[in-house]
Amino acid sequence: MKYIKKKFNYIFGNFNSIHMEKWSKYFENDENYINISYEPIKNKKNIVNLNRNKNNLLISSFFILIFLFKKFLKSKPKKIVIHYLNEVSLIILFLKYFFNYKIIIIPWGSDLNIDHGKKIRFLKKIICKKCDLIITDGYHIKNKLINTYKIDENKIKIFNFPINFDLLDTLKNDLKINKKQIIFSNRSLDDIYSIDVLIHAFKRFSKINHNYKLVIVGDGELKNELMLLVNKLNLSDRVIFTGKLDFTKMINKLLDAEIFISTSTTDAGLSSSIAEAIYLKKKIIVANNSDNNVWIKNYDNGLIFKTNDIESLCDKINYLSKNNLSLQGKTYLNFVHNFSYNLIMPKIKDTIDNL
């Protein structure tokens, strides 16, 4: 009998991100899946590091091409799942002609919502057209793929980003919650998340209410710039930068807080950080973009402010410091049903496995 070499499914993404860590965890006990990280990651089993060099993409891409070619010769790929589109996606698309695998892409909001120029947009359009399946959690992303990228609607599947409610319940039950007058943010300290808008709005709010503190969890390219802004606005004693925290510590900080704020200017669907705050029934304020208005109902489970509008955000903070949300049961149950990790991840895995 002729021996048929086993084929594997590969997952590509930045496994340093909580986003990837939570999504890929569902596949970790399936030996048919191999994880490959764009960025170096330590002390993680079953993850191969690409060691991508963003400062020298041309040379980096050449070595990645050679590395993946050898890797695919050794462990034949059947399907490849790509989180976040970059030059590695083009390499994977090129190698498809040698190894004849199927490509599933899961574009982030920044992939399609931010204009990186005509050349980048053209390359992303090629990847979207040549892949076999696109999974997204954003209705506006689906519309853009169809109307701007001219992608066949049948090639697009929508699954909301799944949240492990059981884990959140465990963390909540294990912690003695002592809710304080804290405003909480855990979006990255990068340009698209507009943390500077949050800081300026907090400064205005502080003139009205002196009792609140702002806790900013996360890291990013603008960290030093944002810390200088806090010093300039004389907020050093009231704004706390924690840096990047592991998931448990981050959720514990969220549980202690009264108000959760997301100033992100773009997402795919509803971000996991917002969804976690909704599930924990925090007072929520989010920017009006992406699919936020699909899931956030004003004065019910949160408030929406005009994206990048400092005054609008300040007004919403002031309102929630004095009032509670109504938290209608129907809205909450609909959210839980649509974002349950236990309901969504089996569907995603079946969709990939059966492609």
# chains A, B, ... in the order shown; residues from 1 in each chain; ligands from 1
$ residues_around --residues "A:Arg238" --least-positions-apart "3" --cutoff "7 Å" --atoms "only C-alpha atoms" --output "ChimeraX atom specification"
/A:213-214,235
$ write_last_selection --atoms "N, CA and C atoms" --output "compact mmCIF listing (two decimals), in the first residue's frame"
# COMPACT_ATOMS: atom_id res chain seq x y z
N LYS A 213 -9.89 58.03 38.80
CA LYS A 213 -8.58 57.78 38.22
C LYS A 213 -8.75 57.05 36.88
N LEU A 214 -7.78 57.21 36.01
CA LEU A 214 -7.79 56.56 34.70
C LEU A 214 -6.70 55.50 34.67
N LEU A 235 -1.55 65.29 35.01
CA LEU A 235 -2.43 64.18 35.40
C LEU A 235 -1.65 62.98 35.94
$ residues_around --residues "A:Glu21" --least-positions-apart "4" --cutoff "12 Å" --atoms "only C-alpha atoms" --output "ChimeraX atom specification"
/A:11-17,25-28,35-37,41,44,47,83,246-247
$ select_by_dssp --residues "stretch 257-337 of chain A" --states "alpha helix (DSSP H)" --output "PyMOL selection string"
chain A and resi 272-279+292-295+310-322+329-337
$ write_last_selection --atoms "C-alpha atoms" --output "PDB file, in the first residue's frame"
ATOM      1  CA  SER A 272     -13.163  41.279  22.436  1.00  0.00           C
ATOM      2  CA  SER A 273     -12.275  43.943  25.027  1.00  0.00           C
ATOM      3  CA  ILE A 274     -15.653  45.650  24.558  1.00  0.00           C
ATOM      4  CA  ALA A 275     -17.476  42.321  24.575  1.00  0.00           C
ATOM      5  CA  GLU A 276     -15.801  41.310  27.851  1.00  0.00           C
ATOM      6  CA  ALA A 277     -16.850  44.586  29.445  1.00  0.00           C
ATOM      7  CA  ILE A 278     -20.440  44.119  28.229  1.00  0.00           C
ATOM      8  CA  TYR A 279     -20.590  40.614  29.680  1.00  0.00           C
ATOM      9  CA  ASN A 292     -20.175  49.160  17.479  1.00  0.00           C
ATOM     10  CA  ASN A 293     -23.663  50.569  16.945  1.00  0.00           C
ATOM     11  CA  VAL A 294     -24.936  47.086  16.037  1.00  0.00           C
ATOM     12  CA  TRP A 295     -24.169  45.761  19.518  1.00  0.00           C
ATOM     13  CA  ILE A 310     -13.088  64.878  22.959  1.00  0.00           C
ATOM     14  CA  GLU A 311     -16.097  66.925  24.038  1.00  0.00           C
ATOM     15  CA  SER A 312     -18.550  64.160  23.124  1.00  0.00           C
ATOM     16  CA  LEU A 313     -16.514  61.623  25.109  1.00  0.00           C
ATOM     17  CA  CYS A 314     -16.238  63.944  28.114  1.00  0.00           C
ATOM     18  CA  ASP A 315     -20.034  64.419  28.126  1.00  0.00           C
ATOM     19  CA  LYS A 316     -20.577  60.640  28.114  1.00  0.00           C
ATOM     20  CA  ILE A 317     -18.090  60.108  30.969  1.00  0.00           C
ATOM     21  CA  ASN A 318     -19.811  62.805  32.995  1.00  0.00           C
ATOM     22  CA  TYR A 319     -23.226  61.195  32.388  1.00  0.00           C
ATOM     23  CA  LEU A 320     -22.115  57.702  33.445  1.00  0.00           C
ATOM     24  CA  SER A 321     -20.368  59.036  36.536  1.00  0.00           C
ATOM     25  CA  LYS A 322     -23.835  60.129  37.731  1.00  0.00           C
ATOM     26  CA  GLY A 329     -32.425  41.577  29.704  1.00  0.00           C
ATOM     27  CA  LYS A 330     -33.346  40.953  26.056  1.00  0.00           C
ATOM     28  CA  THR A 331     -30.374  42.959  24.760  1.00  0.00           C
ATOM     29  CA  TYR A 332     -27.992  41.207  27.145  1.00  0.00           C
ATOM     30  CA  LEU A 333     -29.211  37.681  26.346  1.00  0.00           C
ATOM     31  CA  ASN A 334     -28.964  38.374  22.606  1.00  0.00           C
ATOM     32  CA  PHE A 335     -25.368  39.491  23.087  1.00  0.00           C
ATOM     33  CA  VAL A 336     -24.467  36.399  25.161  1.00  0.00           C
ATOM     34  CA  HIS A 337     -25.971  34.072  22.548  1.00  0.00           C
TER      35      HIS A 337
END
$ closest_residue --among "A:Lys118, A:Lys96, A:Lys249, A:Lys6" --to "A:Lys74" --atoms "only C-alpha atoms"
A:Lys6
$ atom_distance --atom1 "atom CA of A:Ile64" --atom2 "atom CA of A:Ile127"
17.7 Å
$ closest_atom_pairs --of "stretch 125-227 of chain A" --to "stretch 288-291 of chain A" --cutoff "10 Å" --atoms "only C-alpha atoms" --output "Markdown table"
| residue | atom | partner | partner_atom | distance |
| --- | --- | --- | --- | --- |
| A:Asp137 | CA | A:Asp291 | CA | 9.0 |
| A:Gly138 | CA | A:Asp291 | CA | 6.2 |
| A:Tyr139 | CA | A:Asp291 | CA | 6.8 |
| A:His140 | CA | A:Ser290 | CA | 6.4 |
| A:Ile141 | CA | A:Ser290 | CA | 8.2 |
$ write_last_selection --atoms "N, CA and C atoms" --output "mmCIF file, in the first residue's frame"
data_model
loop_
_atom_site.group_PDB
_atom_site.id
_atom_site.type_symbol
_atom_site.label_atom_id
_atom_site.label_comp_id
_atom_site.auth_asym_id
_atom_site.auth_seq_id
_atom_site.Cartn_x
_atom_site.Cartn_y
_atom_site.Cartn_z
ATOM 1 N N ASP A 137 -15.762 39.115 11.515
ATOM 2 C CA ASP A 137 -16.805 39.338 12.522
ATOM 3 C C ASP A 137 -17.471 40.694 12.322
ATOM 4 N N GLY A 138 -17.202 41.331 11.178
ATOM 5 C CA GLY A 138 -17.747 42.661 10.930
ATOM 6 C C GLY A 138 -18.658 42.722 9.718
ATOM 7 N N TYR A 139 -19.870 43.207 9.914
ATOM 8 C CA TYR A 139 -20.787 43.384 8.788
ATOM 9 C C TYR A 139 -20.267 44.453 7.836
ATOM 10 N N HIS A 140 -19.666 45.513 8.383
ATOM 11 C CA HIS A 140 -19.133 46.559 7.506
ATOM 12 C C HIS A 140 -17.920 46.047 6.736
ATOM 13 N N ILE A 141 -17.171 45.098 7.320
ATOM 14 C CA ILE A 141 -16.051 44.483 6.605
ATOM 15 C C ILE A 141 -16.581 43.660 5.434
#
$ residues_around --residues "stretch 159-174 of chain A" --least-positions-apart "2" --cutoff "9 Å" --atoms "only C-alpha atoms" --output "JSON, numbers by chain"
{"A": [22, 23, 135, 136, 137, 138, 157, 176, 177, 248, 251, 252, 255, 269, 270, 271, 272, 275, 276, 279, 280, 336, 338, 339, 340, 341, 342, 343, 344, 345, 347, 348]}
$ residues_around --residues "A:Asn9" --least-positions-apart "6" --cutoff "8 Å" --atoms "only C-alpha atoms" --output "JSON, numbers by chain"
{"A": [32, 33, 34, 77, 78, 79, 80, 81]}
$ write_last_selection --atoms "C-alpha atoms" --output "PDB file, in the first residue's frame"
ATOM      1  CA  ASN A  32      -3.528  18.495  12.816  1.00  0.00           C
ATOM      2  CA  TYR A  33      -2.910  22.224  13.415  1.00  0.00           C
ATOM      3  CA  ILE A  34       0.471  23.993  13.411  1.00  0.00           C
ATOM      4  CA  PRO A  77      -0.070  22.052   4.361  1.00  0.00           C
ATOM      5  CA  LYS A  78      -3.709  21.234   3.677  1.00  0.00           C
ATOM      6  CA  LYS A  79      -5.228  24.545   4.725  1.00  0.00           C
ATOM      7  CA  ILE A  80      -3.691  27.787   5.934  1.00  0.00           C
ATOM      8  CA  VAL A  81      -5.529  30.259   8.153  1.00  0.00           C
TER       9      VAL A  81
END
$ closest_residue --among "A:Leu355, A:His19, A:Leu198, A:Leu325" --to "A:Lys155" --atoms "only C-alpha atoms"
A:Leu355
$ closest_residue --among "A:Lys7, A:Thr263, A:Asn49, A:Ser185" --to "A:Glu31" --atoms "only C-alpha atoms"
A:Lys7
$ closest_residue --among "A:Ile126, A:Met20, A:Leu73, A:Ile296" --to "A:Phe8" --atoms "only C-alpha atoms"
A:Leu73
$ closest_residue --among "A:Ile199, A:Leu123, A:Ile66, A:Leu327" --to "A:Asn234" --atoms "only C-alpha atoms"
A:Ile199
$ decode --residues "stretch 327-347 of chain A" --atoms "N, CA, C and O atoms" --output "mmCIF file, in the first residue's frame"
data_model
loop_
_atom_site.group_PDB
_atom_site.id
_atom_site.type_symbol
_atom_site.label_atom_id
_atom_site.label_comp_id
_atom_site.auth_asym_id
_atom_site.auth_seq_id
_atom_site.Cartn_x
_atom_site.Cartn_y
_atom_site.Cartn_z
ATOM 1 N N LEU A 327 -29.596 48.293 31.084
ATOM 2 C CA LEU A 327 -29.240 46.869 30.950
ATOM 3 C C LEU A 327 -30.476 45.985 30.798
ATOM 4 O O LEU A 327 -30.791 45.148 31.645
ATOM 5 N N GLN A 328 -31.168 46.163 29.675
ATOM 6 C CA GLN A 328 -32.348 45.356 29.378
ATOM 7 C C GLN A 328 -31.965 43.892 29.186
ATOM 8 O O GLN A 328 -30.985 43.571 28.514
ATOM 9 N N GLY A 329 -32.730 43.004 29.764
ATOM 10 C CA GLY A 329 -32.425 41.577 29.704
ATOM 11 C C GLY A 329 -32.376 41.027 28.298
ATOM 12 O O GLY A 329 -31.505 40.211 27.961
ATOM 13 N N LYS A 330 -33.287 41.464 27.427
ATOM 14 C CA LYS A 330 -33.346 40.953 26.056
ATOM 15 C C LYS A 330 -32.066 41.293 25.290
ATOM 16 O O LYS A 330 -31.516 40.454 24.575
ATOM 17 N N THR A 331 -31.601 42.531 25.434
ATOM 18 C CA THR A 331 -30.374 42.959 24.760
ATOM 19 C C THR A 331 -29.183 42.143 25.249
ATOM 20 O O THR A 331 -28.345 41.696 24.460
ATOM 21 N N TYR A 332 -29.110 41.932 26.543
ATOM 22 C CA TYR A 332 -27.992 41.207 27.145
ATOM 23 C C TYR A 332 -27.979 39.741 26.710
ATOM 24 O O TYR A 332 -26.937 39.207 26.329
ATOM 25 N N LEU A 333 -29.132 39.087 26.734
ATOM 26 C CA LEU A 333 -29.211 37.681 26.346
ATOM 27 C C LEU A 333 -28.879 37.484 24.871
ATOM 28 O O LEU A 333 -28.249 36.500 24.489
ATOM 29 N N ASN A 334 -29.286 38.432 24.035
ATOM 30 C CA ASN A 334 -28.964 38.374 22.606
ATOM 31 C C ASN A 334 -27.453 38.468 22.406
ATOM 32 O O ASN A 334 -26.871 37.733 21.590
ATOM 33 N N PHE A 335 -26.822 39.353 23.162
ATOM 34 C CA PHE A 335 -25.368 39.491 23.087
ATOM 35 C C PHE A 335 -24.676 38.190 23.507
ATOM 36 O O PHE A 335 -23.787 37.695 22.828
ATOM 37 N N VAL A 336 -25.087 37.625 24.643
ATOM 38 C CA VAL A 336 -24.467 36.399 25.161
ATOM 39 C C VAL A 336 -24.587 35.265 24.143
ATOM 40 O O VAL A 336 -23.630 34.518 23.900
ATOM 41 N N HIS A 337 -25.755 35.141 23.529
ATOM 42 C CA HIS A 337 -25.971 34.072 22.548
ATOM 43 C C HIS A 337 -25.055 34.239 21.336
ATOM 44 O O HIS A 337 -24.561 33.247 20.788
ATOM 45 N N ASN A 338 -24.810 35.463 20.930
ATOM 46 C CA ASN A 338 -24.051 35.716 19.701
ATOM 47 C C ASN A 338 -22.542 35.768 19.889
ATOM 48 O O ASN A 338 -21.801 35.796 18.900
ATOM 49 N N PHE A 339 -22.078 35.770 21.145
ATOM 50 C CA PHE A 339 -20.638 35.889 21.371
ATOM 51 C C PHE A 339 -20.064 34.762 22.229
ATOM 52 O O PHE A 339 -18.915 34.833 22.649
ATOM 53 N N SER A 340 -20.819 33.716 22.454
ATOM 54 C CA SER A 340 -20.362 32.620 23.293
ATOM 55 C C SER A 340 -19.262 31.799 22.614
ATOM 56 O O SER A 340 -19.455 31.269 21.513
ATOM 57 N N TYR A 341 -18.130 31.680 23.272
ATOM 58 C CA TYR A 341 -16.998 30.885 22.784
ATOM 59 C C TYR A 341 -17.426 29.435 22.520
ATOM 60 O O TYR A 341 -17.062 28.839 21.506
ATOM 61 N N ASN A 342 -18.220 28.894 23.442
ATOM 62 C CA ASN A 342 -18.643 27.496 23.341
ATOM 63 C C ASN A 342 -19.583 27.243 22.170
ATOM 64 O O ASN A 342 -19.696 26.113 21.684
ATOM 65 N N LEU A 343 -20.257 28.285 21.709
ATOM 66 C CA LEU A 343 -21.167 28.137 20.562
ATOM 67 C C LEU A 343 -20.478 28.454 19.235
ATOM 68 O O LEU A 343 -20.756 27.805 18.222
ATOM 69 N N ILE A 344 -19.579 29.436 19.250
ATOM 70 C CA ILE A 344 -19.007 29.943 17.993
ATOM 71 C C ILE A 344 -17.795 29.147 17.523
ATOM 72 O O ILE A 344 -17.684 28.796 16.338
ATOM 73 N N MET A 345 -16.860 28.833 18.422
ATOM 74 C CA MET A 345 -15.622 28.185 17.989
ATOM 75 C C MET A 345 -15.839 26.828 17.325
ATOM 76 O O MET A 345 -15.160 26.519 16.329
ATOM 77 N N PRO A 346 -16.768 25.984 17.807
ATOM 78 C CA PRO A 346 -17.013 24.734 17.060
ATOM 79 C C PRO A 346 -17.474 24.981 15.628
ATOM 80 O O PRO A 346 -17.095 24.231 14.709
ATOM 81 N N LYS A 347 -18.257 26.035 15.421
ATOM 82 C CA LYS A 347 -18.729 26.364 14.066
ATOM 83 C C LYS A 347 -17.564 26.823 13.193
ATOM 84 O O LYS A 347 -17.483 26.462 12.007
#
